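Student: What follows is coords.txt, compact mmCIF, C-alpha atoms.
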```txt
# COMPACT_ATOMS: atom_id res chain seq x y z
CA MET S 1 0.00 0.00 0.00
CA ALA S 2 2.65 2.44 0.99
CA GLU S 3 5.04 1.65 -1.80
CA MET S 4 5.21 3.89 -4.75
CA ASP S 5 4.95 2.59 -8.21
CA THR S 6 8.50 1.48 -8.76
CA SER S 7 8.15 -0.59 -11.85
CA GLY S 8 6.91 2.07 -14.16
CA GLY S 9 8.85 3.97 -16.78
CA GLY S 10 12.31 3.87 -18.27
CA GLY S 11 12.93 0.16 -18.01
CA HIS S 12 14.71 -1.45 -20.88
CA LYS S 13 12.74 -4.00 -22.71
CA LYS S 14 13.82 -7.51 -22.21
CA GLY S 15 13.47 -9.95 -24.93
CA PRO S 16 11.20 -12.89 -24.71
CA GLY S 17 12.64 -15.64 -22.63
CA VAL S 18 14.75 -13.38 -20.52
CA LYS S 19 13.53 -13.91 -17.02
CA LYS S 20 12.75 -10.87 -14.99
CA ALA S 21 14.54 -10.94 -11.67
CA LYS S 22 11.89 -10.50 -9.04
CA LYS S 23 12.76 -7.59 -6.84
CA ALA S 24 11.36 -7.85 -3.32
CA SER S 25 10.11 -4.47 -2.19
CA THR S 26 11.84 -3.09 0.90
CA ARG S 27 8.93 -0.83 1.66
CA VAL S 28 6.67 -1.59 4.55
CA ASP S 29 3.13 -0.53 4.90
CA LEU S 30 3.28 2.20 7.53
CA THR S 31 -0.41 2.90 7.84
CA PRO S 32 -0.98 0.83 11.01
CA MET S 33 2.02 2.46 12.61
CA VAL S 34 0.63 5.92 11.87
CA ASP S 35 -2.69 4.80 13.30
CA LEU S 36 -0.96 3.62 16.44
CA GLY S 37 0.98 6.88 16.74
CA PHE S 38 -2.06 9.08 16.53
CA LEU S 39 -4.01 6.78 18.81
CA LEU S 40 -1.34 7.22 21.48
CA ILE S 41 -1.27 10.99 20.97
CA THR S 42 -5.02 11.26 21.40
CA PHE S 43 -4.86 9.01 24.43
CA PHE S 44 -2.21 11.17 26.09
CA ILE S 45 -3.99 14.40 25.27
CA PHE S 46 -7.30 13.20 26.65
CA THR S 47 -5.89 11.67 29.82
CA THR S 48 -3.72 14.66 30.67
CA THR S 49 -5.35 17.13 32.96
CA MET S 50 -3.96 20.60 33.02
CA SER S 51 -2.54 20.69 36.51
CA GLN S 52 -1.58 24.33 36.30
CA ALA S 53 -2.92 25.81 39.49
CA THR S 54 -4.45 29.23 39.25
CA ALA S 55 -4.55 31.73 42.04
CA MET S 56 -7.03 34.32 43.14
CA LYS S 57 -5.45 37.50 44.37
CA LEU S 58 -6.85 39.08 47.50
CA PHE S 59 -5.83 42.39 48.96
CA LEU S 60 -6.59 42.89 52.60
CA PRO S 61 -7.31 46.25 54.12
CA LYS S 62 -5.22 47.38 57.03
CA ASP S 63 -6.99 47.06 60.33
CA THR S 64 -7.50 50.41 61.92
CA ASP S 65 -9.08 51.39 65.19
CA LYS S 66 -9.66 55.01 64.32
CA PRO S 67 -13.13 55.43 62.89
CA GLU S 68 -12.12 58.37 60.68
CA GLU S 69 -9.71 56.15 58.77
CA GLN S 70 -12.26 53.48 58.07
CA ASN S 71 -13.92 53.28 54.73
CA LYS S 72 -17.39 54.68 54.73
CA ALA S 73 -20.15 53.00 52.84
CA LYS S 74 -23.41 54.61 51.88
CA GLU S 75 -26.32 52.84 53.43
CA SER S 76 -28.33 52.84 50.24
CA GLY S 77 -25.53 51.20 48.31
CA ALA S 78 -24.60 48.51 50.78
CA LEU S 79 -25.53 44.88 50.44
CA THR S 80 -24.46 42.54 53.18
CA LEU S 81 -24.13 38.83 52.57
CA LEU S 82 -24.02 36.46 55.52
CA LEU S 83 -22.74 32.97 54.84
CA GLY S 84 -24.28 30.16 56.84
CA LYS S 85 -24.19 26.42 57.06
CA ASN S 86 -24.65 24.18 54.01
CA HIS S 87 -23.97 26.92 51.45
CA SER S 88 -26.88 29.04 52.59
CA VAL S 89 -26.61 32.77 52.12
CA TYR S 90 -28.55 35.45 53.98
CA TYR S 91 -28.56 39.01 52.81
CA TYR S 92 -29.89 42.40 53.71
CA GLU S 93 -29.65 45.84 52.18
CA GLY S 94 -28.46 48.84 54.10
CA THR S 95 -28.39 48.21 57.81
CA LEU S 96 -29.96 45.33 59.63
CA ASP S 97 -33.33 46.01 61.30
CA PRO S 98 -33.41 45.35 65.02
CA SER S 99 -36.22 42.91 64.32
CA ALA S 100 -34.25 41.42 61.43
CA SER S 101 -37.27 41.84 59.15
CA ASN S 102 -35.15 42.79 56.15
CA LEU S 103 -33.02 39.67 56.37
CA LYS S 104 -33.74 37.45 53.42
CA ASN S 105 -32.36 34.05 52.66
CA SER S 106 -30.99 32.61 49.50
CA THR S 107 -28.54 29.99 48.36
CA MET S 108 -25.13 30.15 46.77
CA LYS S 109 -26.69 29.44 43.38
CA GLN S 110 -29.39 32.08 43.53
CA ILE S 111 -27.39 34.85 45.11
CA ARG S 112 -26.12 36.01 41.74
CA ASN S 113 -29.55 37.35 40.85
CA GLU S 114 -29.74 39.32 44.08
CA ILE S 115 -26.30 40.80 43.53
CA LEU S 116 -27.21 41.74 39.98
CA THR S 117 -30.53 43.32 41.01
CA LYS S 118 -28.68 45.40 43.55
CA LYS S 119 -25.99 46.29 41.05
CA ARG S 120 -28.45 47.43 38.39
CA SER S 121 -30.46 49.52 40.82
CA THR S 122 -27.55 51.28 42.50
CA ASN S 123 -25.17 53.99 41.47
CA LYS S 124 -21.87 52.36 40.53
CA ASP S 125 -19.80 54.42 42.94
CA ASP S 126 -22.07 53.73 45.90
CA LEU S 127 -22.27 49.99 45.58
CA VAL S 128 -20.41 48.13 48.30
CA ILE S 129 -20.87 44.47 49.05
CA VAL S 130 -19.99 43.36 52.54
CA ILE S 131 -19.24 39.67 52.94
CA LYS S 132 -19.58 38.24 56.41
CA PRO S 133 -18.80 34.54 56.57
CA GLY S 134 -20.30 32.83 59.59
CA ASN S 135 -18.45 30.38 61.76
CA GLU S 136 -20.15 27.42 60.12
CA SER S 137 -19.39 28.47 56.57
CA THR S 138 -16.63 26.70 54.70
CA TYR S 139 -13.65 28.03 52.83
CA LYS S 140 -15.32 26.96 49.58
CA ASP S 141 -18.25 29.27 50.31
CA VAL S 142 -15.87 32.16 50.82
CA VAL S 143 -14.03 31.48 47.58
CA ASP S 144 -17.32 31.02 45.75
CA ILE S 145 -18.68 34.31 46.97
CA LEU S 146 -15.44 36.14 46.20
CA ASP S 147 -15.61 34.54 42.78
CA GLU S 148 -19.15 35.80 42.44
CA MET S 149 -17.77 39.31 42.94
CA THR S 150 -15.41 38.80 40.02
CA ILE S 151 -18.11 37.21 37.89
CA ASN S 152 -20.54 40.06 38.47
CA ASP S 153 -17.80 42.63 38.07
CA ILE S 154 -18.22 44.20 41.49
CA THR S 155 -15.33 46.53 42.17
CA ARG S 156 -15.94 47.32 45.82
CA TYR S 157 -16.38 44.53 48.28
CA ALA S 158 -15.09 43.76 51.73
CA LEU S 159 -14.57 40.66 53.79
CA VAL S 160 -15.70 41.51 57.30
CA ASP S 161 -16.02 39.52 60.51
CA ILE S 162 -19.55 38.63 61.47
CA SER S 163 -21.06 40.36 64.48
CA ASP S 164 -22.55 38.41 67.37
CA VAL S 165 -26.12 39.43 66.57
CA GLU S 166 -25.75 38.36 62.98
CA ALA S 167 -24.02 35.12 63.94
CA GLN S 168 -26.96 34.24 66.19
CA LEU S 169 -29.46 35.11 63.48
CA VAL S 170 -27.62 32.95 60.98
CA SER S 171 -27.41 29.94 63.28
CA LEU S 172 -31.07 30.37 64.20
CA SER S 173 -32.10 30.56 60.56
CA ASP S 174 -29.87 27.59 59.73
CA THR S 175 -31.61 25.40 62.30
CA ASN S 176 -35.04 26.65 61.23
CA GLY S 177 -34.25 25.98 57.62
CA ALA S 178 -33.03 22.49 58.42
CA ALA S 179 -36.17 21.75 60.45
CA GLY S 180 -38.41 23.02 57.65
CA LYS S 181 -36.97 20.64 55.11
CA MET O 1 -12.93 3.81 -31.48
CA SER O 2 -9.99 3.70 -29.25
CA ARG O 3 -9.99 5.84 -26.21
CA PRO O 4 -6.92 7.69 -25.06
CA LYS O 5 -5.38 5.71 -22.27
CA ILE O 6 -5.61 7.29 -18.90
CA ALA O 7 -2.58 6.54 -16.83
CA ARG O 8 -3.81 4.89 -13.67
CA LYS O 9 -2.18 6.40 -10.67
CA SER O 10 -1.66 4.53 -7.46
CA THR O 11 -3.99 5.73 -4.72
CA SER O 12 -1.67 4.71 -1.94
CA VAL O 13 0.39 7.47 -0.39
CA ASP O 14 3.74 7.20 1.25
CA MET O 15 3.00 6.99 4.94
CA THR O 16 6.56 7.45 6.18
CA ALA O 17 6.34 11.20 6.58
CA MET O 18 3.05 11.03 8.41
CA CYS O 19 4.40 8.35 10.68
CA ASP O 20 7.38 10.56 11.48
CA VAL O 21 5.11 13.44 12.38
CA ALA O 22 2.91 11.26 14.58
CA PHE O 23 5.78 9.91 16.59
CA LEU O 24 7.49 13.27 16.78
CA LEU O 25 4.36 14.73 18.33
CA LEU O 26 4.03 11.75 20.61
CA SER O 27 7.57 12.05 21.92
CA PHE O 28 7.14 15.82 22.27
CA PHE O 29 4.07 15.40 24.45
CA ILE O 30 5.65 12.69 26.55
CA LEU O 31 8.82 14.66 27.14
CA THR O 32 7.17 17.98 27.90
CA THR O 33 4.68 16.53 30.36
CA LYS O 34 5.59 17.53 33.85
CA PHE O 35 4.42 15.16 36.48
CA LYS O 36 2.58 16.56 39.39
CA PRO O 37 4.69 16.12 42.51
CA ALA O 38 3.16 13.82 45.06
CA GLU O 39 1.26 15.82 47.59
CA ASN O 40 1.83 14.98 51.21
CA ILE O 41 -0.95 17.18 52.43
CA THR O 42 -4.33 16.30 51.03
CA VAL O 43 -6.16 19.47 50.15
CA GLU O 44 -9.01 19.71 47.66
CA THR O 45 -9.08 23.25 46.42
CA PRO O 46 -12.25 25.03 45.35
CA SER O 47 -12.48 26.38 41.83
CA SER O 48 -12.64 29.96 40.67
CA VAL O 49 -12.85 31.86 37.40
CA SER O 50 -9.46 33.41 38.02
CA SER O 51 -7.07 32.72 35.19
CA LYS O 52 -3.89 34.00 36.77
CA VAL O 53 -1.23 31.36 37.13
CA ALA O 54 0.08 30.83 40.62
CA PRO O 55 3.72 31.85 41.15
CA GLU O 56 6.18 29.00 41.29
CA LYS O 57 9.36 30.48 42.74
CA ASP O 58 10.04 31.55 46.32
CA VAL O 59 6.64 30.43 47.38
CA THR O 60 5.41 30.29 50.94
CA LEU O 61 2.45 27.97 50.86
CA ILE O 62 0.08 27.81 53.78
CA SER O 63 -2.19 24.78 53.55
CA VAL O 64 -5.28 24.20 55.61
CA THR O 65 -6.75 20.71 55.56
CA LYS O 66 -10.41 19.93 56.00
CA ASP O 67 -9.99 19.40 59.75
CA GLY O 68 -8.38 22.81 60.06
CA LYS O 69 -4.75 21.74 60.46
CA VAL O 70 -2.29 24.32 59.21
CA TYR O 71 0.97 23.49 57.42
CA ILE O 72 3.66 25.67 55.95
CA SER O 73 5.80 24.75 52.95
CA LEU O 74 8.78 26.69 51.70
CA ASP O 75 10.76 26.00 48.55
CA ASN O 76 13.90 28.11 48.71
CA GLU O 77 16.69 26.49 50.76
CA GLU O 78 18.40 29.79 51.63
CA VAL O 79 15.14 31.13 52.92
CA LYS O 80 14.56 27.95 54.91
CA GLU O 81 17.92 28.33 56.63
CA GLU O 82 17.15 31.95 57.51
CA VAL O 83 13.72 30.98 58.81
CA ALA O 84 15.32 28.35 61.06
CA ASN O 85 17.79 30.93 62.39
CA GLN O 86 14.98 33.41 62.99
CA LEU O 87 12.90 30.85 64.86
CA ASN O 88 15.95 30.00 66.96
CA ALA O 89 16.67 33.60 67.79
CA ASN O 90 13.16 34.88 68.45
CA ASN O 91 11.09 31.89 69.45
CA GLY O 92 13.55 29.58 71.18
CA ALA O 93 13.09 26.71 68.78
CA GLY O 94 16.47 25.38 69.95
CA LEU O 95 17.52 23.89 66.63
CA SER O 96 21.07 22.51 66.42
CA PRO O 97 23.06 22.80 63.15
CA GLU O 98 22.01 19.22 62.35
CA ASP O 99 18.39 20.15 62.90
CA ILE O 100 18.75 23.11 60.57
CA LYS O 101 20.06 20.75 57.90
CA ALA O 102 16.98 18.59 58.39
CA PHE O 103 14.85 21.74 58.35
CA LYS O 104 16.27 22.63 54.95
CA LYS O 105 15.40 19.20 53.59
CA ALA O 106 11.87 19.10 54.95
CA ASN O 107 9.02 19.79 52.51
CA PHE O 108 6.54 21.06 55.02
CA TYR O 109 6.27 21.97 58.66
CA GLY O 110 3.25 21.22 60.78
CA THR O 111 4.11 21.21 64.44
CA PRO O 112 4.11 23.74 67.23
CA ILE O 113 7.49 25.45 67.39
CA SER O 114 8.28 23.66 70.65
CA GLN O 115 7.92 20.27 68.95
CA LEU O 116 9.72 21.26 65.77
CA LYS O 117 13.02 19.75 66.94
CA SER O 118 11.56 16.30 67.56
CA ALA O 119 9.54 16.35 64.31
CA LEU O 120 12.72 17.07 62.36
CA GLN O 121 14.24 13.77 63.59
CA ILE O 122 11.80 11.89 61.35
CA PRO O 123 13.25 11.38 57.87
CA THR O 124 11.51 13.46 55.21
CA ASP O 125 10.26 10.54 53.16
CA LYS O 126 8.63 8.92 56.17
CA LEU O 127 6.97 12.08 57.36
CA LYS O 128 3.21 11.97 56.99
CA ALA O 129 1.19 15.11 57.29
CA ASP O 130 -1.63 13.26 59.05
CA ALA O 131 0.64 12.28 61.90
CA LEU O 132 1.61 15.88 62.65
CA PRO O 133 -0.59 18.06 64.83
CA GLY O 134 -0.41 21.09 62.53
CA ILE O 135 0.74 24.56 63.45
CA PRO O 136 -1.51 25.87 66.19
CA ALA O 137 -3.55 28.82 64.92
CA GLN O 138 -6.79 28.33 66.77
CA ASP O 139 -7.20 31.71 68.37
CA THR O 140 -5.55 35.06 68.15
CA ALA O 141 -3.73 34.73 71.45
CA HIS O 142 -1.99 31.48 70.60
CA ASN O 143 -1.51 31.92 66.90
CA GLU O 144 1.91 30.47 66.14
CA LEU O 145 1.50 31.41 62.51
CA ILE O 146 2.31 34.99 63.49
CA PRO O 147 5.92 34.19 64.51
CA TRP O 148 6.23 31.87 61.54
CA ILE O 149 5.19 34.53 59.05
CA ARG O 150 7.36 37.08 60.82
CA ALA O 151 10.37 34.75 60.45
CA ILE O 152 9.53 34.10 56.80
CA VAL O 153 9.15 37.80 56.02
CA ALA O 154 12.48 38.54 57.73
CA ALA O 155 14.17 35.67 55.89
CA HIS O 156 12.95 36.92 52.54
CA SER O 157 14.15 40.44 53.15
CA SER O 158 17.60 39.26 54.27
CA THR O 159 18.02 36.97 51.27
CA ASN O 160 16.62 39.57 48.87
CA THR O 161 13.95 37.36 47.44
CA LYS O 162 10.37 38.20 46.69
CA LEU O 163 7.84 36.86 49.13
CA ASN O 164 4.94 35.09 47.46
CA LEU O 165 2.29 34.20 49.97
CA LEU O 166 -0.01 31.46 48.78
CA PHE O 167 -2.97 30.11 50.65
CA LYS O 168 -4.39 26.72 49.84
CA GLY O 169 -7.51 25.69 51.67
CA ASP O 170 -9.67 22.62 51.50
CA ASN O 171 -13.27 22.92 50.31
CA LEU O 172 -14.52 21.77 53.66
CA ALA O 173 -12.23 23.83 55.86
CA LYS O 174 -14.24 26.09 58.10
CA TYR O 175 -14.04 29.83 57.68
CA PRO O 176 -12.49 30.55 61.14
CA ALA O 177 -9.42 28.52 60.13
CA PHE O 178 -9.04 30.78 57.10
CA LYS O 179 -9.63 33.86 59.23
CA ASN O 180 -6.83 32.90 61.62
CA VAL O 181 -4.41 32.69 58.71
CA ILE O 182 -5.55 36.10 57.46
CA THR O 183 -5.05 37.48 60.96
CA ALA O 184 -1.49 36.17 60.95
CA PHE O 185 -0.90 37.88 57.59
CA LYS O 186 -2.36 41.14 58.79
CA LYS O 187 -0.36 41.14 62.01
CA ASN O 188 2.79 41.03 59.91
CA ASP O 189 1.62 43.74 57.51
CA GLN O 190 1.24 41.31 54.65
CA PHE O 191 -1.86 42.45 52.82
CA LYS O 192 -1.36 40.75 49.50
CA PHE O 193 -1.72 37.07 48.99
CA SER O 194 -3.08 34.59 46.51
CA MET O 195 -5.45 31.73 47.02
CA VAL O 196 -4.72 28.58 45.08
CA THR O 197 -7.78 27.42 43.18
CA ALA O 198 -8.62 25.13 40.32
CA SER O 199 -9.75 27.05 37.29
CA GLU O 200 -13.22 26.96 35.85
CA GLY O 201 -14.92 28.68 32.96
CA VAL O 202 -16.72 31.98 33.20
CA PRO O 203 -20.50 31.40 33.25
CA GLU O 204 -22.17 32.67 30.10
CA GLY O 205 -24.24 35.81 30.16
CA THR O 206 -22.67 37.29 33.26
CA ASP O 207 -21.03 40.70 33.41
CA LEU O 208 -17.53 39.25 33.47
CA TRP O 209 -18.36 37.09 30.48
CA LYS O 210 -19.54 40.14 28.53
CA LYS O 211 -16.35 41.89 29.50
CA VAL O 212 -14.20 39.01 28.32
CA MET O 213 -16.17 38.80 25.08
CA SER O 214 -15.64 42.48 24.41
CA GLY O 215 -11.93 41.91 24.73
CA GLN O 216 -11.22 43.63 27.98
CA SER O 217 -8.92 42.29 30.61
CA THR O 218 -10.35 39.70 32.96
CA GLU O 219 -8.44 40.98 35.94
CA THR O 220 -10.96 42.96 37.85
CA SER O 221 -10.02 42.14 41.39
CA GLU O 222 -7.57 44.98 41.83
```
Using structure tokens, write down the structure from this file.
Tutor:
Amino acid sequence: MAEMDTSGGGGHKKGPGVKKAKKASTRVDLTPMVDLGFLLITFFIFTTTMSQATAMKLFLPKDTDKPEEQNKAKESGALTLLLGKNHSVYYYEGTLDPSASNLKNSTMKQIRNEILTKKRSTNKDDLVIVIKPGNESTYKDVVDILDEMTINDITRYALVDISDVEAQLVSLSDTNGAAGK
Amino acid sequence: MSRPKIARKSTSVDMTAMCDVAFLLLSFFILTTKFKPAENITVETPSSVSSKVAPEKDVTLISVTKDGKVYISLDNEEVKEEVANQLNANNGAGLSPEDIKAFKKANFYGTPISQLKSALQIPTDKLKADALPGIPAQDTAHNELIPWIRAIVAAHSSTNTKLNLLFKGDNLAKYPAFKNVITAFKKNDQFKFSMVTASEGVPEGTDLWKKVMSGQSTETSE
């Protein structure tokens, strides 16, 4: 199959009775070998996972005790996300009511809509998202929510420690939610 | 009527060249593949849309396992030696020159500073991360990560190398464990660090996706 036509053209004519010496072709059919080569290549490409680790950069603010050095956030532009157990997310706009009536719950998957609604309805310079991971939330939740900031193109966000009142509310809501299921 | 004879050409092609190419590619892929080094500390990282590649040189990697144990890995031997000296001088680690040699060979550290000397007696290849208690970082008062980071920062400045702080946390690690590490960073005035994540695609239709599609930079987290 792989050999070229070697017999054609330019040969001198032999007379009748002169026996043609049979030349064994040295060429080998390489098609199966090519098949094997490409099979191996595809195998290696498909089984290789790109192990290149990527990294998320995070810049921390400097802790300061003086209130005048702290960043101010407009109440109308603030959205606070509280992370609870089992990837639950609680959120409120502005400041938290004493009765906690403006605390709404959501999940990690649905929170994008809430962030987007807030983003569309708020002046770009006023929008600040405050992330308060609770003690029961996992590192994955934190990375997911920080990722959500990147996905939704939020430029101002802060990672803040949860307050005691909020921590209690979150744990209360977590147990209520679990009982309701 | 006699037709003009059409010379019949052979349909078979010479496969040699193609075979060469196939095996060249094959050997190229095999030789350029870098094997992932065996990980002593089992950490399953979460994924993020970040596409920045993690730095590979002069890395200080802080790993937190799913039960909240903290380990430190360093890769530069000069820095390691300096760190050992710093821990000796400031924290009374009491490492002998032999211990410092072992310290330079070790891939990761996961004991309280007081037990560092005894942990270094175990040969590196027999050292299992599970058997070590981890660096205590439970609360702010007894956070041994603070002296560790301080020693690492000092070691990097005296050896004139760039400090790359990397944090690698398990999916299931609780947030307080992460917070304690951040506290240790902050206490040493280290405000920049990277979190190691697996990469994932940008979800379609989102703002970032639109940005990427319009050809702008994806780095928004400045």
Student: My list of candidates is O:Pro147, O:Asn90, O:Ser114, O:Leu120. Which is closest to Ala102 of chain O when distances are computed with all atoms listed in the file?
Tutor: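 Checking each of O:Pro147, O:Asn90, O:Ser114, O:Leu120 against Ala102 of chain O, counting all atoms listed in the file, the winner is O:Leu120.
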Student: Distance cut-off 7 Å, centre (-25.1, 52.2, 47.2) in file coordinates, counting all atoms listed in the file: which residues qualify? Return them as a ChimeraX atom specification.
Tutor: /S:74-78,122-123,126-128
Student: Considering only C-alpha atoms, can you say which of S:Val160, S:Leu81, S:Met108, S:Val89 comes closest to chain O?
Tutor: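 The shortest atom-to-atom distance to chain O comes from S:Val160.
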Student: Near chain S, meaning an atom within 7 Å, which residues of chain O appear when counting all atoms listed in the file? Write them as a short mmCIF file (atom, residue, chain, number, x, y, z; two decimals) with C-alpha atoms, in the coordinates of the input.
Tutor:
```
data_model
loop_
_atom_site.label_atom_id
_atom_site.label_comp_id
_atom_site.auth_asym_id
_atom_site.auth_seq_id
_atom_site.Cartn_x
_atom_site.Cartn_y
_atom_site.Cartn_z
CA SER O 10 -1.66 4.53 -7.46
CA SER O 12 -1.67 4.71 -1.94
CA VAL O 13 0.39 7.47 -0.39
CA ASP O 14 3.74 7.20 1.25
CA MET O 15 3.00 6.99 4.94
CA THR O 16 6.56 7.45 6.18
CA MET O 18 3.05 11.03 8.41
CA CYS O 19 4.40 8.35 10.68
CA ALA O 22 2.91 11.26 14.58
CA PHE O 23 5.78 9.91 16.59
CA LEU O 26 4.03 11.75 20.61
CA PRO O 46 -12.25 25.03 45.35
CA SER O 48 -12.64 29.96 40.67
CA VAL O 49 -12.85 31.86 37.40
CA SER O 50 -9.46 33.41 38.02
CA SER O 51 -7.07 32.72 35.19
CA LYS O 52 -3.89 34.00 36.77
CA VAL O 53 -1.23 31.36 37.13
CA ALA O 54 0.08 30.83 40.62
CA GLY O 169 -7.51 25.69 51.67
CA ASP O 170 -9.67 22.62 51.50
CA ASN O 171 -13.27 22.92 50.31
CA LEU O 172 -14.52 21.77 53.66
CA ALA O 173 -12.23 23.83 55.86
CA LYS O 174 -14.24 26.09 58.10
CA TYR O 175 -14.04 29.83 57.68
CA PRO O 176 -12.49 30.55 61.14
CA PHE O 178 -9.04 30.78 57.10
CA PHE O 191 -1.86 42.45 52.82
CA LYS O 192 -1.36 40.75 49.50
CA PHE O 193 -1.72 37.07 48.99
CA SER O 194 -3.08 34.59 46.51
CA MET O 195 -5.45 31.73 47.02
CA VAL O 196 -4.72 28.58 45.08
CA THR O 197 -7.78 27.42 43.18
CA ALA O 198 -8.62 25.13 40.32
CA SER O 199 -9.75 27.05 37.29
CA THR O 206 -22.67 37.29 33.26
CA ASP O 207 -21.03 40.70 33.41
CA LEU O 208 -17.53 39.25 33.47
CA THR O 220 -10.96 42.96 37.85
CA SER O 221 -10.02 42.14 41.39
#
```
Student: Could you check which of O:Val79, O:Glu56, O:Tyr71, O:Leu31 is closest to Ser157 of chain O, using all atoms listed in the file?
Tutor: O:Val79
Student: Just how far from atom CA of Gly134 of chain O is atom CA of Ile146 of chain O, in Å to one decimal?
Tutor: 14.2 Å
Student: Go ahead and compute the interatomic distance for atom CA of Thr80 of chain S and atom CA of Lys132 of chain S, in Å to one decimal.
Tutor: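 Between atom CA of Thr80 of chain S and atom CA of Lys132 of chain S the gap works out to 7.3 Å.
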Student: Which one is closest to Glu166 of chain S: S:Leu79, S:Thr47, S:Ser121, S:Tyr90? Count all atoms listed in the file.
Tutor: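 So, comparing all the options, the nearest one is S:Tyr90.
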Student: Got a minute to add N, CA and C atoms to segment 27-46 of chain O and dump it as a tab-separated table (two decimals), keeping the file's coordinate frame?
Tutor:
```tsv
chain	number	residue	atom	x	y	z
O	27	SER	N	6.41	11.90	21.02
O	27	SER	CA	7.57	12.05	21.92
O	27	SER	C	7.60	13.44	22.51
O	28	PHE	N	7.18	14.45	21.73
O	28	PHE	CA	7.14	15.82	22.27
O	28	PHE	C	6.21	15.89	23.48
O	29	PHE	N	5.02	15.33	23.33
O	29	PHE	CA	4.07	15.40	24.45
O	29	PHE	C	4.57	14.64	25.66
O	30	ILE	N	5.18	13.48	25.41
O	30	ILE	CA	5.65	12.69	26.55
O	30	ILE	C	6.77	13.44	27.27
O	31	LEU	N	7.68	14.02	26.50
O	31	LEU	CA	8.82	14.66	27.14
O	31	LEU	C	8.47	15.96	27.83
O	32	THR	N	7.47	16.69	27.28
O	32	THR	CA	7.17	17.98	27.90
O	32	THR	C	6.20	17.85	29.07
O	33	THR	N	5.62	16.67	29.24
O	33	THR	CA	4.68	16.53	30.36
O	33	THR	C	5.44	16.58	31.67
O	34	LYS	N	4.98	17.45	32.53
O	34	LYS	CA	5.59	17.53	33.85
O	34	LYS	C	4.68	16.79	34.81
O	35	PHE	N	5.25	15.89	35.54
O	35	PHE	CA	4.42	15.16	36.48
O	35	PHE	C	4.16	15.98	37.72
O	36	LYS	N	2.97	15.85	38.18
O	36	LYS	CA	2.58	16.56	39.39
O	36	LYS	C	3.31	15.92	40.57
O	37	PRO	N	4.01	16.71	41.37
O	37	PRO	CA	4.69	16.12	42.51
O	37	PRO	C	3.69	15.55	43.50
O	38	ALA	N	4.06	14.46	44.11
O	38	ALA	CA	3.16	13.82	45.06
O	38	ALA	C	2.88	14.77	46.22
O	39	GLU	N	1.63	14.89	46.54
O	39	GLU	CA	1.26	15.82	47.59
O	39	GLU	C	1.18	15.08	48.92
O	40	ASN	N	1.88	15.60	49.90
O	40	ASN	CA	1.83	14.98	51.21
O	40	ASN	C	0.59	15.41	51.98
O	41	ILE	N	0.18	16.63	51.70
O	41	ILE	CA	-0.95	17.18	52.43
O	41	ILE	C	-2.15	17.12	51.51
O	42	THR	N	-3.19	16.42	51.92
O	42	THR	CA	-4.33	16.30	51.03
O	42	THR	C	-5.26	17.51	51.20
O	43	VAL	N	-5.31	18.28	50.15
O	43	VAL	CA	-6.16	19.47	50.15
O	43	VAL	C	-6.90	19.50	48.82
O	44	GLU	N	-8.23	19.56	48.89
O	44	GLU	CA	-9.01	19.71	47.66
O	44	GLU	C	-9.40	21.16	47.52
O	45	THR	N	-8.84	21.82	46.52
O	45	THR	CA	-9.08	23.25	46.42
O	45	THR	C	-10.39	23.54	45.71
O	46	PRO	N	-11.05	24.61	46.09
O	46	PRO	CA	-12.25	25.03	45.35
O	46	PRO	C	-11.85	25.61	44.00
```
